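start-v4.pdb follows; it contains PDB, C-alpha atoms.
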```pdb
MODEL        1
ATOM      1  CA  MET A   1      13.949  16.679   7.316  1.00  0.00           C
ATOM      2  CA  LEU A   2      11.285  14.456   5.811  1.00  0.00           C
ATOM      3  CA  TYR A   3       7.688  15.606   5.569  1.00  0.00           C
ATOM      4  CA  PRO A   4       4.500  13.527   5.729  1.00  0.00           C
ATOM      5  CA  GLN A   5       3.065  12.662   2.337  1.00  0.00           C
ATOM      6  CA  ASN A   6      -0.058  11.041   0.978  1.00  0.00           C
ATOM      7  CA  ILE A   7       0.109   7.764  -0.957  1.00  0.00           C
ATOM      8  CA  TYR A   8      -2.090   7.565  -4.062  1.00  0.00           C
ATOM      9  CA  CYS A   9      -3.073   4.590  -6.206  1.00  0.00           C
ATOM     10  CA  PRO A  10      -1.382   4.911  -9.637  1.00  0.00           C
ATOM     11  CA  ASN A  11      -4.378   3.239 -11.347  1.00  0.00           C
ATOM     12  CA  CYS A  12      -7.299   5.321 -10.087  1.00  0.00           C
ATOM     13  CA  ASN A  13      -5.539   8.292  -8.370  1.00  0.00           C
ATOM     14  CA  ARG A  14      -7.361   7.625  -5.112  1.00  0.00           C
ATOM     15  CA  LYS A  15      -5.697   8.375  -1.761  1.00  0.00           C
ATOM     16  CA  VAL A  16      -4.964   5.012  -0.115  1.00  0.00           C
ATOM     17  CA  GLY A  17      -2.725   5.940   2.794  1.00  0.00           C
ATOM     18  CA  ARG A  18      -0.257   8.293   4.411  1.00  0.00           C
ATOM     19  CA  TYR A  19       3.494   8.025   5.011  1.00  0.00           C
ATOM     20  CA  ASP A  20       4.717   9.925   8.063  1.00  0.00           C
ATOM     21  CA  GLY A  21       8.273  10.414   6.782  1.00  0.00           C
ATOM     22  CA  ARG A  22       9.938   8.682   9.750  1.00  0.00           C
ATOM     23  CA  GLY A  23       9.677   4.955   9.081  1.00  0.00           C
ATOM     24  CA  THR A  24      11.941   2.918   6.841  1.00  0.00           C
ATOM     25  CA  MET A  25       9.681  -0.111   6.314  1.00  0.00           C
ATOM     26  CA  ASN A  26       7.763  -0.615   3.084  1.00  0.00           C
ATOM     27  CA  LYS A  27       4.005   0.023   3.227  1.00  0.00           C
ATOM     28  CA  TYR A  28       1.493  -2.337   1.621  1.00  0.00           C
ATOM     29  CA  ILE A  29      -2.018  -0.912   1.311  1.00  0.00           C
ATOM     30  CA  LYS A  30      -5.136  -2.206  -0.447  1.00  0.00           C
ATOM     31  CA  CYS A  31      -6.908   0.172  -2.827  1.00  0.00           C
ATOM     32  CA  ARG A  32     -10.642  -0.071  -2.144  1.00  0.00           C
ATOM     33  CA  LYS A  33     -11.653   1.117  -5.602  1.00  0.00           C
ATOM     34  CA  CYS A  34      -9.546  -1.006  -7.977  1.00  0.00           C
ATOM     35  CA  LYS A  35      -8.853  -3.832  -5.448  1.00  0.00           C
ATOM     36  CA  LYS A  36      -5.082  -3.947  -6.013  1.00  0.00           C
ATOM     37  CA  MET A  37      -2.225  -3.890  -3.515  1.00  0.00           C
ATOM     38  CA  ILE A  38      -0.236  -0.654  -3.538  1.00  0.00           C
ATOM     39  CA  CYS A  39       3.389  -1.041  -2.442  1.00  0.00           C
ATOM     40  CA  PHE A  40       5.154   2.148  -1.305  1.00  0.00           C
ATOM     41  CA  TYR A  41       8.934   2.063  -0.939  1.00  0.00           C
ATOM     42  CA  PRO A  42      10.115   5.038   1.176  1.00  0.00           C
ATOM     43  CA  ASP A  43      13.816   4.743   0.280  1.00  0.00           C
ATOM     44  CA  GLY A  44      13.152   5.805  -3.309  1.00  0.00           C
ATOM     45  CA  ASN A  45       9.606   7.255  -2.993  1.00  0.00           C
ATOM     46  CA  LYS A  46       8.405   4.642  -5.500  1.00  0.00           C
ATOM     47  CA  THR A  47       4.887   3.252  -5.750  1.00  0.00           C
ATOM     48  CA  GLU A  48       4.108  -0.119  -7.381  1.00  0.00           C
ATOM     49  CA  VAL A  49       0.858  -1.914  -8.131  1.00  0.00           C
ATOM     50  CA  LYS A  50       0.644  -5.641  -7.446  1.00  0.00           C
ATOM     51  CA  PRO A  51      -2.275  -8.084  -7.426  1.00  0.00           C
ATOM     52  CA  MET A  52      -3.746  -9.028  -4.070  1.00  0.00           C
ATOM     53  CA  PRO A  53      -2.243 -12.252  -2.662  1.00  0.00           C
ATOM     54  CA  PRO A  54      -4.600 -15.235  -2.289  1.00  0.00           C
ATOM     55  CA  ARG A  55      -6.208 -15.692   1.092  1.00  0.00           C
ATOM     56  CA  ALA A  56      -4.677 -18.454   3.219  1.00  0.00           C
ATOM     57  CA  THR A  57      -7.155 -18.569   6.096  1.00  0.00           C
ATOM     58  CA  ALA A  58     -10.653 -17.423   7.009  1.00  0.00           C
ATOM     59  CA  SER A  59     -12.434 -17.771  10.360  1.00  0.00           C
ATOM     60  CA  GLY A  60      -9.953 -20.323  11.659  1.00  0.00           C
ATOM     61  CA  MET A  61     -10.206 -22.507   8.525  1.00  0.00           C
ATOM     62  CA  THR A  62      -7.051 -23.290   6.552  1.00  0.00           C
ATOM     63  CA  PHE A  63      -7.163 -23.590   2.760  1.00  0.00           C
ATOM     64  CA  ILE A  64      -4.943 -26.314   1.308  1.00  0.00           C
TER      65      ILE A  64
ENDMDL
END
```
Please, can you express the file's structure as structure tokens?
Amino acid sequence: MLYPQNIYCPNCNRKVGRYDGRGTMNKYIKCRKCKKMICFYPDGNKTEVKPMPPRATASGMTFI
């Protein structure tokens, strides 16, 4: 039986989200303090830090 667990940012040790223990999809959460994307992989309970992807759109406007 899997238990719910908190997801913490490896850089600043801030709580960024919660994993309920039931899903199998990867979770991608933005850390509000260090402004990085935290990737949580539930199959191995691994946490990775990646840079935020560039924005593609804003208010209906497309960046080319």
Result set of the PyMOL selection byres ((chain A and resi 22-38) around 6) on the coordinates above, as a CSV table (one decimal) with C-alpha atoms, keeping the file's coordinate frame:
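The result, written out as expr_25.csv:
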```csv
chain,number,residue,atom,x,y,z
A,16,VAL,CA,-5.0,5.0,-0.1
A,20,ASP,CA,4.7,9.9,8.1
A,21,GLY,CA,8.3,10.4,6.8
A,39,CYS,CA,3.4,-1.0,-2.4
A,40,PHE,CA,5.2,2.1,-1.3
A,41,TYR,CA,8.9,2.1,-0.9
A,48,GLU,CA,4.1,-0.1,-7.4
A,49,VAL,CA,0.9,-1.9,-8.1
A,50,LYS,CA,0.6,-5.6,-7.4
A,51,PRO,CA,-2.3,-8.1,-7.4
A,52,MET,CA,-3.7,-9.0,-4.1
```
Notebook entry, point to check: Any idea what the distance is between CA of Asn6 (chain A) and CA of Gly44 (chain A)?
Noted result: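 Interatomic distance here is 14.8 Å.
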Checklist line | Selected residue of minimal separation from Tyr3 (chain A) among A:Lys15, A:Thr47, A:Pro53, A:Pro42, counting all atoms listed in the file | finding: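 Answer, going by the shortest atom-to-atom distance: A:Pro42.
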Item checked: Coordinates-based distance that separates CA of Gly17 (chain A) from CA of Thr57 (chain A) (Å, one decimal) ->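 So the two atoms, CA of Thr57 (chain A) and CA of Gly17 (chain A), lie 25.1 Å apart.
Comparing A:Cys9, A:Gly60, A:Arg14, A:Tyr19 by their smallest distance to Asn45 (chain A), the closest is A:Tyr19 (using all atoms listed in the file).
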